[in-house]
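K.L.:
Please see the structure below; I have some questions.
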Amino acid sequence: MTRVLLIEDNASNRRLLGDHLRRGGYQVTEASTADEGLALAFAGDFRLVVMDIQLPGMDGLTATRLLRQNPLTRAVRILAVTAHAMKGDEARILAAGCHAYVAKPIDYKQFLSSVAALLASAGEGEAGEA
Ligand code: MN
């Protein structure tokens, strides 16, 4: 079963996102802070992280940079979830190392297809990297 790490501080969003992922056939581990999520990510074997950008304490963009910088997690796909879908945000999110993002309110059909697309693309473009 494909393992997905869900980092989201809002309990009802976390439950909704988690339920959709589980119904989509993924094995989901949940975290409510970036620190908790990073510890799980470095210790676990996740294929994809669903990363809320607005988190208390360390935000999702900082957590994404740390995941991408660490050899243990640099290949993990990262799907950002954000309340901000304004011009310029996409560039900022992608520059931090997220592979894609979905904006709240979440369209769950689109969310699950983004998850599937990112997992399908995993491994591509890694060969040439140092
Ligand atoms: Mn949040």
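Letters for chains follow the order of the structure tokens (A, B, ...), residue numbers begin at 1 for each chain, and ligand numbers begin at 1 in the order shown.
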Residues at most 12 Å from ligand 1, using only C-alpha atoms and all ligand atoms? Could they come as a VMD selection string?

P.N.:
chain A and resid 6 to 14 31 to 34 50 to 61 80 to 84 103 to 104

K.L.:
State, in Å with one decimal place, the distance from atom CA of Phe42 of chain A to atom CA of Glu90 of chain A.

P.N.:
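Taking atom CA of Phe42 of chain A as the start and atom CA of Glu90 of chain A as the end point, the length is 25.9 Å.
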
K.L.:
Of the candidates A:Gly44, A:Gly24, A:Gly18, A:Gly97, which shows the shortest atom-to-atom distance to Ile78 of chain A, using only C-alpha atoms?

P.N.:
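Closest to Ile78 of chain A of all the choices is A:Gly97.
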
K.L.:
Could you name the residues that touch Ala120 of chain A at 12 Å or less, counting only C-alpha atoms, but leaving out those on the same chain fewer than 3 positions away, as a count of residues only?

P.N.:
11

K.L.:
Name the closest residue to Leu112 of chain A among the candidates A:Ala95, A:Ala63, A:Leu38, A:Leu79; distances are taken between atoms, counting only C-alpha atoms.

P.N.:
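Distance minimum relative to Leu112 of chain A lands on A:Leu79.
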
K.L.:
Considering only C-alpha atoms, state which residue in the set A:Arg65, A:Arg3, A:His20, A:Arg74 is at the smallest distance from Ile106 of chain A.

P.N.:
A:His20

K.L.:
Report as number ranges by chain all protein, DNA and RNA residues lying within 10 Å of Phe46 of chain A, evaluated on only C-alpha atoms, omitting residues in the same chain fewer than 4 positions from it.

P.N.:
A: 2-5, 27-29, 40-42, 73, 75-77

K.L.:
For the residues in that selection, give me N, CA and C atoms as a compact mmCIF listing (two decimals), in the first residue's frame.

P.N.:
# COMPACT_ATOMS: atom_id res chain seq x y z
N THR A 2 0.56 2.20 -0.81
CA THR A 2 1.36 3.42 -0.90
C THR A 2 1.20 4.27 0.35
N ARG A 3 2.32 4.65 0.93
CA ARG A 3 2.28 5.40 2.18
C ARG A 3 2.32 6.90 1.91
N VAL A 4 1.36 7.60 2.53
CA VAL A 4 1.24 9.04 2.37
C VAL A 4 1.29 9.69 3.76
N LEU A 5 2.07 10.75 3.87
CA LEU A 5 2.13 11.52 5.11
C LEU A 5 1.32 12.80 4.93
N GLN A 27 -2.29 4.40 2.41
CA GLN A 27 -2.06 4.23 3.84
C GLN A 27 -1.58 5.58 4.38
N VAL A 28 -2.36 6.17 5.27
CA VAL A 28 -2.14 7.56 5.67
C VAL A 28 -1.61 7.66 7.09
N THR A 29 -0.55 8.44 7.27
CA THR A 29 -0.06 8.81 8.60
C THR A 29 -0.29 10.31 8.74
N LEU A 40 8.43 12.23 11.44
CA LEU A 40 7.83 11.04 10.82
C LEU A 40 8.43 10.79 9.44
N ALA A 41 8.61 11.87 8.69
CA ALA A 41 9.12 11.74 7.32
C ALA A 41 10.55 11.19 7.31
N PHE A 42 11.38 11.68 8.23
CA PHE A 42 12.77 11.23 8.25
C PHE A 42 12.88 9.78 8.74
N THR A 73 14.79 12.20 2.35
CA THR A 73 13.43 12.54 1.90
C THR A 73 13.40 13.33 0.60
N ALA A 75 13.52 12.56 -2.42
CA ALA A 75 12.77 12.00 -3.54
C ALA A 75 11.26 11.94 -3.28
N VAL A 76 10.85 12.25 -2.06
CA VAL A 76 9.42 12.19 -1.73
C VAL A 76 8.67 13.29 -2.50
N ARG A 77 7.53 12.93 -3.05
CA ARG A 77 6.71 13.93 -3.75
C ARG A 77 5.96 14.77 -2.73

K.L.:
Considering only C-alpha atoms, state which residue in the set A:Met1, A:Gln69, A:Leu118, A:Tyr108 is at the smallest distance from Asp45 of chain A.

P.N.:
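Closest to Asp45 of chain A of all the choices is A:Met1.
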
K.L.:
Write out as a list in words the set of residues from segment 73-117 of chain A that DSSP, computed on the backbone, places in alpha helix (DSSP H).

P.N.:
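Going through segment 73-117 of chain A, the alpha helix (DSSP H) residues come out as Asp89, Glu90, Ala91, Arg92, Ile93, Leu94, Ala95, Tyr108, Lys109, Gln110, Phe111, Leu112, Ser113, Ser114, Val115, Ala116 and Ala117 of chain A.
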
K.L.:
Restricting it to C-alpha atoms, dump the selection as a short mmCIF file (atom, residue, chain, number, x, y, z; two decimals), in the first residue's frame.

P.N.:
data_model
loop_
_atom_site.label_atom_id
_atom_site.label_comp_id
_atom_site.auth_asym_id
_atom_site.auth_seq_id
_atom_site.Cartn_x
_atom_site.Cartn_y
_atom_site.Cartn_z
CA ASP A 89 1.80 31.99 -4.71
CA GLU A 90 2.22 29.14 -7.16
CA ALA A 91 5.74 30.30 -8.02
CA ARG A 92 6.61 30.65 -4.33
CA ILE A 93 5.24 27.19 -3.53
CA LEU A 94 7.05 25.52 -6.43
CA ALA A 95 10.28 27.41 -5.64
CA TYR A 108 -11.51 16.14 -3.67
CA LYS A 109 -11.70 14.64 -7.11
CA GLN A 110 -8.96 17.02 -8.25
CA PHE A 111 -7.05 16.39 -5.04
CA LEU A 112 -6.94 12.62 -5.59
CA SER A 113 -5.99 13.00 -9.23
CA SER A 114 -3.15 15.33 -8.24
CA VAL A 115 -1.96 12.71 -5.74
CA ALA A 116 -2.11 9.98 -8.39
CA ALA A 117 -0.34 12.15 -10.98
#

K.L.:
Would you give me, as a VMD selection string, the residues in segment 60-115 of chain A that DSSP reads as strand (DSSP E or B)?

P.N.:
chain A and resid 77 to 82 100 to 103
